[in-house]
>>> print(open('work.txt').read())   # compact mmCIF, C-alpha atoms
# COMPACT_ATOMS: atom_id res chain seq x y z
CA MET M 1 -34.68 11.56 -14.21
CA LEU M 2 -31.79 13.62 -12.91
CA GLY M 3 -29.60 10.65 -12.10
CA PRO M 4 -27.78 9.97 -8.88
CA VAL M 5 -26.55 12.86 -6.81
CA ALA M 6 -22.88 13.48 -7.37
CA GLY M 7 -20.65 12.43 -4.52
CA VAL M 8 -23.29 10.44 -2.67
CA ASP M 9 -23.33 6.70 -2.52
CA PRO M 10 -26.90 5.74 -3.54
CA HIS M 11 -26.77 2.54 -1.48
CA GLU M 12 -25.73 4.42 1.61
CA LEU M 13 -28.44 7.00 0.96
CA ALA M 14 -31.09 4.31 0.58
CA ARG M 15 -29.88 2.56 3.72
CA LEU M 16 -29.99 5.78 5.71
CA VAL M 17 -33.49 6.58 4.43
CA ALA M 18 -34.64 3.11 5.43
CA GLU M 19 -33.05 3.49 8.87
CA LEU M 20 -34.70 6.85 9.37
CA GLU M 21 -38.03 5.45 8.27
CA ALA M 22 -37.68 2.54 10.67
CA SER M 23 -36.79 4.74 13.62
CA GLY M 24 -39.21 5.16 16.47
CA TYR M 25 -39.18 8.89 15.96
CA HIS M 26 -40.56 8.55 12.47
CA ARG M 27 -43.26 6.20 13.70
CA ALA M 28 -44.26 8.75 16.35
CA LEU M 29 -44.15 11.48 13.73
CA ARG M 30 -46.46 9.50 11.46
CA GLU M 31 -48.90 8.99 14.31
CA TYR M 32 -48.81 12.68 15.17
CA VAL M 33 -49.39 13.69 11.56
CA GLU M 34 -52.30 11.29 11.18
CA GLY M 35 -53.94 12.48 14.39
CA ARG M 36 -53.48 16.12 13.61
CA THR M 37 -54.74 15.66 10.04
CA ARG M 38 -57.83 13.89 11.31
CA PHE M 39 -58.46 16.74 13.73
CA LEU M 40 -58.02 19.38 11.04
CA LEU M 41 -60.29 17.56 8.62
CA ALA M 42 -62.95 17.07 11.25
CA THR M 43 -62.99 20.74 12.23
CA GLU M 44 -65.96 22.52 10.70
CA LEU M 45 -65.23 26.02 9.57
CA ALA M 46 -67.52 28.61 8.05
CA ASP M 47 -64.89 31.19 7.11
CA THR M 48 -63.31 30.72 3.68
CA GLN M 49 -59.97 31.98 4.86
CA ALA M 50 -59.95 29.57 7.78
CA VAL M 51 -60.82 26.72 5.46
CA MET M 52 -57.92 27.58 3.17
CA LYS M 53 -55.57 27.84 6.12
CA ASN M 54 -56.77 24.49 7.36
CA ARG M 55 -56.12 22.92 3.99
CA GLY M 56 -52.64 24.42 3.87
CA GLN M 57 -51.87 22.98 7.27
CA VAL M 58 -52.98 19.54 6.14
CA GLU M 59 -50.71 19.76 3.10
CA GLU M 60 -47.83 20.91 5.28
CA LEU M 61 -48.31 17.91 7.54
CA GLN M 62 -48.51 15.52 4.61
CA ARG M 63 -45.14 16.74 3.47
CA LEU M 64 -43.61 15.53 6.73
CA VAL M 65 -44.44 11.91 5.99
CA SER M 66 -43.53 11.94 2.32
CA PRO M 67 -40.45 9.93 1.25
CA VAL M 68 -38.87 13.05 -0.23
CA PHE M 69 -38.67 14.60 3.20
CA LEU M 70 -36.66 11.68 4.53
CA GLN M 71 -34.41 11.68 1.49
CA THR M 72 -33.71 15.37 2.00
CA LEU M 73 -32.80 14.77 5.62
CA ALA M 74 -30.56 11.84 4.71
CA LEU M 75 -28.84 13.87 2.02
CA SER M 76 -28.17 16.76 4.37
CA ALA M 77 -26.80 14.35 7.00
CA LEU M 78 -24.46 12.74 4.49
CA ALA M 79 -23.38 16.14 3.24
CA LYS M 80 -22.60 17.22 6.77
CA ARG M 81 -20.53 14.10 7.35
CA ALA M 82 -18.70 14.66 4.07
CA GLY M 83 -17.93 18.22 5.15
CA GLU M 84 -16.57 17.03 8.48
CA ARG M 85 -14.42 14.44 6.75
CA ALA M 86 -13.08 17.06 4.38
CA GLY M 87 -12.23 19.29 7.33
CA LEU M 88 -10.40 16.48 9.08
CA GLU M 89 -8.47 15.60 5.93
CA ALA M 90 -7.53 19.24 5.40
CA SER M 91 -6.27 19.60 8.96
CA ALA M 92 -4.33 16.34 8.64
CA ALA M 93 -2.79 17.56 5.39
CA ALA M 94 -1.89 20.87 7.02
CA ASP M 95 -0.24 19.04 9.92
CA LEU M 96 1.69 16.87 7.50
CA ALA M 97 2.83 19.88 5.53
CA ALA M 98 3.93 21.60 8.72
CA THR M 99 5.97 18.65 9.94
CA ARG M 100 7.31 17.58 6.56
CA ARG M 101 10.91 18.44 5.87
CA ASP M 102 12.85 18.07 2.69
CA TRP M 103 15.88 15.87 2.99
CA TRP M 104 18.27 18.67 2.12
CA ALA M 105 16.89 21.07 4.68
CA ASP M 106 18.83 20.97 7.92
CA PRO M 107 16.84 22.31 10.86
CA VAL M 108 20.00 22.54 12.95
CA ALA M 109 21.48 25.03 10.50
CA ASP M 110 18.52 27.35 11.00
CA GLU M 111 19.04 27.57 14.71
CA PRO M 112 21.10 30.53 15.94
CA ILE M 113 24.62 29.68 16.90
CA PRO M 114 25.07 30.08 20.62
CA MET Z 115 5.98 67.97 6.71
CA ALA Z 116 6.03 71.10 4.60
CA ASP Z 117 6.01 73.33 7.61
CA GLU Z 118 8.91 71.36 9.11
CA LEU Z 119 11.04 71.96 6.05
CA ALA Z 120 10.16 75.61 5.75
CA PRO Z 121 12.88 77.07 8.01
CA SER Z 122 15.71 75.19 6.29
CA THR Z 123 14.59 76.25 2.83
CA ALA Z 124 14.19 79.92 3.73
CA PRO Z 125 16.00 82.23 1.28
CA SER Z 126 19.43 83.24 2.56
CA PRO Z 127 20.44 86.91 2.44
CA PRO Z 128 22.41 87.98 -0.66
CA GLU Z 129 26.20 87.67 -0.54
CA ASP Z 130 27.17 91.10 -1.95
CA ALA Z 131 28.03 92.83 1.28
CA GLY Z 132 29.41 95.97 -0.40
CA ALA Z 133 26.17 97.73 -0.84
CA PRO Z 134 23.98 98.39 2.10
CA PRO Z 135 21.10 96.06 2.22
CA PRO Z 136 18.10 97.75 0.71
CA GLU Z 137 15.63 97.55 3.59
CA ALA Z 138 15.77 93.82 3.96
CA PRO Z 139 12.54 92.30 5.21
CA GLU Z 140 12.50 91.26 8.83
CA ALA Z 141 14.20 87.93 9.30
CA PRO Z 142 11.79 85.31 10.58
CA ALA Z 143 12.18 84.45 14.21
CA ALA Z 144 14.12 81.28 14.89
CA PRO Z 145 11.69 78.43 15.18
CA ASN Z 146 11.41 76.82 18.56
CA TYR Z 147 12.20 73.23 17.74
CA ASP Z 148 11.63 71.94 21.25
CA GLU Z 149 8.15 73.31 21.31
CA ARG Z 150 7.42 71.95 17.87
CA PHE Z 151 8.74 68.49 18.76
CA ALA Z 152 6.65 68.46 21.91
CA LYS Z 153 3.60 69.44 19.91
CA LEU Z 154 4.25 66.80 17.28
CA GLU Z 155 4.83 64.15 19.91
CA SER Z 156 1.59 64.99 21.67
CA GLU Z 157 -0.24 64.86 18.34
CA LEU Z 158 1.38 61.52 17.57
CA ALA Z 159 0.32 60.13 20.94
CA ARG Z 160 -3.21 61.34 20.38
CA GLU Z 161 -3.34 59.84 16.91
CA ARG Z 162 -1.94 56.59 18.26
CA ASP Z 163 -4.69 56.43 20.86
CA TYR Z 164 -7.29 57.23 18.24
CA ARG Z 165 -5.93 54.51 15.96
CA GLY Z 166 -5.99 52.04 18.82
CA HIS Z 167 -9.64 52.81 19.46
CA LEU Z 168 -10.46 52.45 15.79
CA GLU Z 169 -8.65 49.15 15.53
CA SER Z 170 -10.37 47.74 18.59
CA THR Z 171 -13.76 48.83 17.20
CA LEU Z 172 -12.94 47.25 13.88
CA ARG Z 173 -11.89 44.05 15.62
CA LEU Z 174 -15.21 43.94 17.45
CA LEU Z 175 -17.16 44.54 14.27
CA GLN Z 176 -15.41 41.80 12.37
CA PRO Z 177 -17.15 38.41 12.31
CA GLN Z 178 -15.76 36.02 14.84
CA GLN Z 179 -13.26 33.76 13.23
CA ALA Z 180 -13.85 30.08 13.52
CA PRO Z 181 -11.45 28.33 15.83
CA ALA Z 182 -8.47 26.84 14.12
CA GLN Z 183 -9.20 23.50 12.59
CA GLY Z 184 -7.46 20.75 14.30
CA PRO Z 185 -8.00 17.20 15.31
CA PRO Z 186 -11.02 16.87 17.57
CA PRO Z 187 -10.16 16.35 21.21
CA LEU Z 188 -10.39 12.85 22.51
CA VAL Z 189 -13.66 11.94 24.09
CA ARG Z 190 -13.68 11.54 27.84
CA LEU Z 191 -16.68 10.27 29.70
CA PRO Z 192 -17.94 11.91 32.89
CA ARG Z 193 -16.50 10.15 35.89
CA ASP Z 194 -19.87 8.80 37.05
CA SER Z 195 -20.58 7.31 33.66
CA ALA Z 196 -17.16 5.70 33.47
CA GLN Z 197 -17.57 4.17 36.91
CA ARG Z 198 -21.04 2.92 36.05
CA ILE Z 199 -19.81 1.29 32.84
CA ALA Z 200 -16.89 -0.29 34.69
CA ALA Z 201 -19.28 -1.67 37.29
CA THR Z 202 -21.56 -3.00 34.57
CA LEU Z 203 -18.74 -4.75 32.74
CA GLY Z 204 -17.17 -6.10 35.91
CA GLY Z 205 -14.03 -8.22 35.83
CA GLN Z 206 -10.85 -6.31 35.05
CA TRP Z 207 -12.66 -3.17 34.01
CA ASN Z 208 -12.04 -0.06 36.02
CA GLU Z 209 -12.54 3.65 35.42
CA ASP Z 210 -9.19 4.16 33.69
CA ALA Z 211 -9.79 1.25 31.34
CA VAL Z 212 -13.20 2.60 30.41
CA GLN Z 213 -11.80 6.07 29.83
CA SER Z 214 -9.07 4.70 27.61
CA HIS Z 215 -11.62 2.86 25.46
CA ALA Z 216 -14.10 5.74 25.25
CA PRO Z 217 -12.45 7.51 22.28
CA ILE Z 218 -12.48 4.29 20.26
CA PHE Z 219 -16.18 3.71 20.75
CA ALA Z 220 -16.90 7.40 20.21
CA ALA Z 221 -15.12 7.30 16.86
CA PHE Z 222 -17.09 4.23 15.79
CA LEU Z 223 -20.35 5.80 16.89
CA GLN Z 224 -19.46 9.03 15.13
CA GLU Z 225 -18.89 7.15 11.92
CA LEU Z 226 -21.85 4.81 12.11
CA ALA Z 227 -24.56 6.70 13.96
CA ALA Z 228 -23.89 10.37 13.23
CA PRO Z 229 -25.84 10.54 9.92
CA LEU Z 230 -28.82 8.81 11.52
CA LEU Z 231 -28.74 11.17 14.48
CA VAL Z 232 -28.43 14.19 12.20
CA GLY Z 233 -31.42 12.92 10.20
CA ILE Z 234 -33.52 12.47 13.33
CA GLU Z 235 -32.46 15.90 14.56
CA GLY Z 236 -33.58 17.39 11.24
CA MET Z 237 -36.88 15.55 11.51
CA ALA Z 238 -37.41 16.86 15.02
CA ASP Z 239 -36.61 20.39 13.91
CA ALA Z 240 -39.05 20.24 11.00
CA VAL Z 241 -41.79 18.87 13.22
CA ASP Z 242 -41.11 21.56 15.79
CA LEU Z 243 -41.35 24.25 13.12
CA VAL Z 244 -44.62 22.87 11.75
CA GLN Z 245 -46.09 22.58 15.23
CA ALA Z 246 -45.14 26.13 16.09
CA ARG Z 247 -46.52 27.50 12.83
CA GLN Z 248 -49.78 25.66 13.17
CA GLU Z 249 -50.44 25.96 16.86
CA VAL Z 250 -49.09 29.41 17.73
CA ASP Z 251 -51.23 32.31 16.57
CA GLN Z 252 -49.33 34.71 14.33
CA TYR Z 253 -46.06 32.84 14.76
CA GLU Z 254 -44.51 34.86 11.93
CA THR Z 255 -44.57 38.01 14.02
CA ILE Z 256 -42.61 36.42 16.82
CA ALA Z 257 -40.48 33.89 14.92
CA GLU Z 258 -37.35 36.00 14.66
CA GLU Z 259 -37.21 36.78 18.35
CA ALA Z 260 -38.03 33.19 19.27
CA ASP Z 261 -35.16 31.94 17.11
CA ARG Z 262 -32.84 34.39 18.83
CA VAL Z 263 -33.89 33.05 22.22
CA ARG Z 264 -33.37 29.47 21.03
CA ASN Z 265 -29.88 30.33 19.85
CA GLU Z 266 -29.07 31.92 23.20
CA TYR Z 267 -30.17 28.76 24.97
CA ARG Z 268 -28.30 26.57 22.52
CA ARG Z 269 -25.11 28.49 23.17
CA ALA Z 270 -25.68 27.84 26.86
CA GLY Z 271 -25.97 24.13 26.07
CA GLN Z 272 -29.74 23.78 26.35
CA VAL Z 273 -32.15 22.93 23.56
CA ILE Z 274 -35.68 24.31 23.77
CA THR Z 275 -38.58 23.99 21.36
CA ARG Z 276 -39.99 26.89 19.40
CA LYS Z 277 -43.16 26.87 21.46
CA GLN Z 278 -41.13 27.20 24.64
CA ALA Z 279 -39.17 30.04 23.04
CA VAL Z 280 -42.42 31.77 22.08
CA ALA Z 281 -43.64 31.47 25.67
CA LEU Z 282 -40.38 32.98 26.89
CA VAL Z 283 -40.59 35.84 24.43
CA LYS Z 284 -44.18 36.57 25.42
CA ALA Z 285 -43.25 36.48 29.08
CA ARG Z 286 -40.44 38.94 28.46
CA ARG Z 287 -42.74 41.23 26.50
CA MET Z 288 -45.20 41.31 29.38
CA ASP Z 289 -42.80 43.63 31.19
CA ASP Z 290 -43.64 46.30 28.65
CA PRO Z 291 -46.89 48.10 29.61
CA ALA Z 292 -47.46 49.21 26.02
CA TYR Z 293 -47.44 45.57 24.90
CA VAL Z 294 -49.93 44.67 27.61
CA ASP Z 295 -52.21 47.53 26.56
CA ARG Z 296 -52.04 46.36 22.97
CA MET Z 297 -52.88 42.81 24.00
CA ILE Z 298 -55.90 44.03 25.98
CA GLU Z 299 -57.10 46.08 23.03
CA GLU Z 300 -56.72 43.13 20.68
CA ARG Z 301 -58.57 40.87 23.07
CA ALA Z 302 -61.41 43.40 23.36
CA LYS Z 303 -61.62 43.57 19.58
CA GLN Z 304 -61.70 39.77 19.36
CA ARG Z 305 -64.48 39.56 21.92
CA GLY Z 306 -66.46 42.22 20.10
CA ALA Z 307 -66.08 40.34 16.84
CA GLU Z 308 -67.11 37.08 18.53
CA HIS Z 309 -70.23 38.71 19.98
CA ALA Z 310 -71.11 40.21 16.62
CA ASN Z 311 -70.66 36.85 14.90
CA ARG Z 312 -72.77 35.10 17.49
CA ALA Z 313 -75.52 37.69 17.19
CA ALA Z 314 -75.43 37.48 13.41
CA ALA Z 315 -75.62 33.69 13.55
CA ALA Z 316 -78.55 33.84 15.96
CA GLY Z 317 -80.33 36.35 13.74
CA ALA Z 318 -79.75 34.18 10.69
CA ALA Z 319 -81.12 31.15 12.51
CA VAL Z 320 -84.36 33.00 13.36
CA THR Z 321 -84.99 34.51 9.96
CA GLU Z 322 -83.73 31.77 7.65
CA GLY Z 323 -85.98 28.88 8.58
CA GLY Z 324 -88.91 30.90 9.87
CA ALA Z 325 -90.72 30.32 13.12
CA SER Z 326 -92.33 27.00 12.23
CA ALA Z 327 -89.05 25.38 11.17
CA GLN Z 328 -87.09 26.48 14.22
CA LYS Z 329 -89.61 25.83 16.93
CA ALA Z 330 -89.34 22.64 18.86
CA GLY Z 331 -92.28 21.07 20.61
CA PRO Z 332 -96.03 21.21 19.93
CA GLU Z 333 -97.71 23.93 18.02
CA PRO Z 334 -99.07 26.72 20.19
CA THR Z 335 -102.80 26.39 20.80
CA LYS Z 336 -103.35 30.12 20.94
CA GLY Z 337 -102.87 32.42 18.02
CA PRO Z 338 -100.76 35.52 18.14
CA ARG Z 339 -102.02 38.12 20.49
CA ALA Z 340 -103.94 40.90 18.76
CA PRO Z 341 -103.30 44.44 19.89
CA ILE Z 342 -105.73 45.61 22.57
CA THR Z 343 -107.66 48.80 22.03
CA ARG Z 344 -108.06 51.46 24.67
CA GLU Z 345 -111.73 50.57 25.20
CA GLN Z 346 -111.00 46.89 25.59
CA PHE Z 347 -108.27 47.64 28.12
CA ALA Z 348 -110.57 49.90 30.09
CA SER Z 349 -113.20 47.22 30.30
CA MET Z 350 -110.78 44.59 31.61
CA THR Z 351 -110.56 43.49 35.19
CA LEU Z 352 -107.45 44.22 37.19
CA GLU Z 353 -106.20 40.66 36.75
CA GLU Z 354 -106.68 40.79 32.98
CA LYS Z 355 -104.92 44.13 32.81
CA ARG Z 356 -101.99 42.64 34.69
CA LYS Z 357 -101.80 39.74 32.24
CA ALA Z 358 -102.02 42.07 29.27
CA LEU Z 359 -99.24 44.24 30.56
CA ASP Z 360 -97.06 41.29 31.53
CA GLY Z 361 -93.84 41.54 29.60
CA ALA Z 362 -94.81 44.75 27.87
CA ALA Z 363 -92.16 47.40 27.72
CA LEU Z 364 -93.29 50.89 28.47
>>> encode(input="work.txt", output="structure tokens")
Amino acid sequence: MLGPVAGVDPHELARLVAELEASGYHRALREYVEGRTRFLLATELADTQAVMKNRGQVEELQRLVSPVFLQTLALSALAKRAGERAGLEASAAADLAATRRDWWADPVADEPIP
Amino acid sequence: MADELAPSTAPSPPEDAGAPPPEAPEAPAAPNYDERFAKLESELARERDYRGHLESTLRLLQPQQAPAQGPPPLVRLPRDSAQRIAATLGGQWNEDAVQSHAPIFAAFLQELAAPLLVGIEGMADAVDLVQARQEVDQYETIAEEADRVRNEYRRAGQVITRKQAVALVKARRMDDPAYVDRMIEERAKQRGAEHANRAAAAGAAVTEGGASAQKAGPEPTKGPRAPITREQFASMTLEEKRKALDGAAL
């Protein structure tokens, strides 16, 4: 609906999401979420407030295994890498500007005459 | 500055010397320049010290500037790791060769694996946050301090979970007797509330269903005991009186 995110390669994003989803950590996370959700749903509560809190916790856990969560993580990782690349390019450009010398400028002439 | 210029701009006496001076006002005493210079110098030194203090305070208050951006330093493996890798590869590989190749592999890994590692790190952080919020009672009240402790550890090169940080914060707070008193009071309140709930639940169980619904086992063969009159009690034997008084509260 909103179109691709500017500055992010959609193929790379999809590949990173798939890699994250295939990682062992995500598998363990899914198992943890399922177990914890089962426990929360099986807990019998009489207090209305406790029931609402329980339901909120289940929703919070479900969010961890939703595809949007992985996409958010992948986007932030790519953004971080882009920021690092930009920093490296800026430092390289600064180094180049510092060492660059116009052909008419004579560094020897700037040195004090002994 | 005005007081420095004052002596030089003082009005000079009139030039017409013919007439006697009509009761000229007393000429001001010659200013002691040495004394004034000494005073000004001491003031200047004091102001300089004061300014130095202010500048150092200001420098401390300013946010720490990020280190100058530059190319990242080349990766070097710990010596043990390099020797282990050299031993694993065998052949011509030695520690120096491994160390010379380390930056190349590090750059490749940085490019290829960094986003994946950042993603997994983010996943771990989110899970840690959810776990802490769900499993630690009133995490909100302690979250700020726990995050501060985690940052301290991270600066020291160690990563700890939020639950570990909460345990550390609680352990630190235990040194404060007021905190311990408050904890004891809260615990007493909790226990009181638990007892009240249990009693209310027990009372509800007795009254809701009635005696016949709650009782397990066969129906009692005897009916409820009728109150005994004074005459009946007097005519009882000692054994019967004992039975009648069994369990009665005086």
>>> closest_residue(input="work.txt", among="M:Leu70, M:Ala22, M:Leu45, M:Ala98", to="chain Z", atoms="only C-alpha atoms")
M:Leu70
>>> interface_residues(input="work.txt", of="chain Z", to="chain M", cutoff="8 Å", atoms="all atoms listed in the file", output="list of chain:residue names")
Z:Gln183, Z:Gly184, Z:Pro185, Z:Ala228, Z:Pro229, Z:Leu230, Z:Val232, Z:Gly233, Z:Ile234, Z:Gly236, Z:Met237, Z:Ala240, Z:Val241, Z:Val244, Z:Gln248
>>> write_last_selection(input="work.txt", atoms="C-alpha atoms", output="short mmCIF file (atom, residue, chain, number, x, y, z; two decimals), in the frame of the given file")
data_model
loop_
_atom_site.label_atom_id
_atom_site.label_comp_id
_atom_site.auth_asym_id
_atom_site.auth_seq_id
_atom_site.Cartn_x
_atom_site.Cartn_y
_atom_site.Cartn_z
CA GLN Z 183 -9.20 23.50 12.59
CA GLY Z 184 -7.46 20.75 14.30
CA PRO Z 185 -8.00 17.20 15.31
CA ALA Z 228 -23.89 10.37 13.23
CA PRO Z 229 -25.84 10.54 9.92
CA LEU Z 230 -28.82 8.81 11.52
CA VAL Z 232 -28.43 14.19 12.20
CA GLY Z 233 -31.42 12.92 10.20
CA ILE Z 234 -33.52 12.47 13.33
CA GLY Z 236 -33.58 17.39 11.24
CA MET Z 237 -36.88 15.55 11.51
CA ALA Z 240 -39.05 20.24 11.00
CA VAL Z 241 -41.79 18.87 13.22
CA VAL Z 244 -44.62 22.87 11.75
CA GLN Z 248 -49.78 25.66 13.17
#
>>> closest_residue(input="work.txt", among="Z:Asn311, Z:Met297, Z:Ala220, Z:Arg160", to="M:Asp47", atoms="all atoms listed in the file")
Z:Asn311
>>> axis_aligned_box(input="work.txt", around="stretch 94-104 of chain M", padding_each_side="4 Å", output="AutoDock Vina command-line options")
--center_x 8.2 --center_y 18.7 --center_z 6.0 --size_x 28.2 --size_y 13.7 --size_z 15.8
>>> atom_distance(input="work.txt", atom1="atom CA of Z:Glu258", atom2="atom CA of Z:Val280")
9.9 Å
>>> closest_residue(input="work.txt", among="M:Asp102, M:Val65, M:Glu12, M:Glu44", to="M:Glu31", atoms="all atoms listed in the file")
M:Val65
>>> atom_distance(input="work.txt", atom1="atom CA of Z:Ala260", atom2="atom CA of Z:Arg276")
6.6 Å
>>> atom_distance(input="work.txt", atom1="atom CA of Z:Val294", atom2="atom CA of Z:Asp242")
27.4 Å
>>> build_atoms(input="work.txt", residues="stretch 190-203 of chain Z", atoms="N, CA and C atoms", output="PDB file, keeping the file's coordinate frame")
ATOM      1  N   ARG Z 190     -13.813  12.060  26.470  1.00  0.00           N
ATOM      2  CA  ARG Z 190     -13.680  11.540  27.840  1.00  0.00           C
ATOM      3  C   ARG Z 190     -15.064  11.513  28.468  1.00  0.00           C
ATOM      4  N   LEU Z 191     -15.355  10.408  29.083  1.00  0.00           N
ATOM      5  CA  LEU Z 191     -16.680  10.270  29.700  1.00  0.00           C
ATOM      6  C   LEU Z 191     -16.678  10.976  31.059  1.00  0.00           C
ATOM      7  N   PRO Z 192     -17.855  11.428  31.505  1.00  0.00           N
ATOM      8  CA  PRO Z 192     -17.940  11.910  32.890  1.00  0.00           C
ATOM      9  C   PRO Z 192     -17.579  10.773  33.847  1.00  0.00           C
ATOM     10  N   ARG Z 193     -17.037  11.154  34.981  1.00  0.00           N
ATOM     11  CA  ARG Z 193     -16.500  10.150  35.890  1.00  0.00           C
ATOM     12  C   ARG Z 193     -17.584   9.152  36.334  1.00  0.00           C
ATOM     13  N   ASP Z 194     -18.775   9.683  36.604  1.00  0.00           N
ATOM     14  CA  ASP Z 194     -19.870   8.800  37.050  1.00  0.00           C
ATOM     15  C   ASP Z 194     -20.187   7.763  35.986  1.00  0.00           C
ATOM     16  N   SER Z 195     -20.253   8.236  34.742  1.00  0.00           N
ATOM     17  CA  SER Z 195     -20.580   7.310  33.660  1.00  0.00           C
ATOM     18  C   SER Z 195     -19.505   6.237  33.532  1.00  0.00           C
ATOM     19  N   ALA Z 196     -18.258   6.666  33.604  1.00  0.00           N
ATOM     20  CA  ALA Z 196     -17.160   5.700  33.470  1.00  0.00           C
ATOM     21  C   ALA Z 196     -17.227   4.666  34.581  1.00  0.00           C
ATOM     22  N   GLN Z 197     -17.492   5.126  35.796  1.00  0.00           N
ATOM     23  CA  GLN Z 197     -17.570   4.170  36.910  1.00  0.00           C
ATOM     24  C   GLN Z 197     -18.757   3.226  36.741  1.00  0.00           C
ATOM     25  N   ARG Z 198     -19.863   3.771  36.234  1.00  0.00           N
ATOM     26  CA  ARG Z 198     -21.040   2.920  36.050  1.00  0.00           C
ATOM     27  C   ARG Z 198     -20.764   1.849  34.991  1.00  0.00           C
ATOM     28  N   ILE Z 199     -20.117   2.258  33.904  1.00  0.00           N
ATOM     29  CA  ILE Z 199     -19.810   1.290  32.840  1.00  0.00           C
ATOM     30  C   ILE Z 199     -18.839   0.234  33.365  1.00  0.00           C
ATOM     31  N   ALA Z 200     -17.849   0.674  34.127  1.00  0.00           N
ATOM     32  CA  ALA Z 200     -16.890  -0.290  34.690  1.00  0.00           C
ATOM     33  C   ALA Z 200     -17.597  -1.278  35.600  1.00  0.00           C
ATOM     34  N   ALA Z 201     -18.538  -0.769  36.394  1.00  0.00           N
ATOM     35  CA  ALA Z 201     -19.280  -1.670  37.290  1.00  0.00           C
ATOM     36  C   ALA Z 201     -20.148  -2.629  36.492  1.00  0.00           C
ATOM     37  N   THR Z 202     -20.711  -2.134  35.386  1.00  0.00           N
ATOM     38  CA  THR Z 202     -21.560  -3.000  34.570  1.00  0.00           C
ATOM     39  C   THR Z 202     -20.732  -4.112  33.926  1.00  0.00           C
ATOM     40  N   LEU Z 203     -19.554  -3.749  33.425  1.00  0.00           N
ATOM     41  CA  LEU Z 203     -18.740  -4.750  32.740  1.00  0.00           C
ATOM     42  C   LEU Z 203     -18.102  -5.735  33.714  1.00  0.00           C
TER      43      LEU Z 203
END
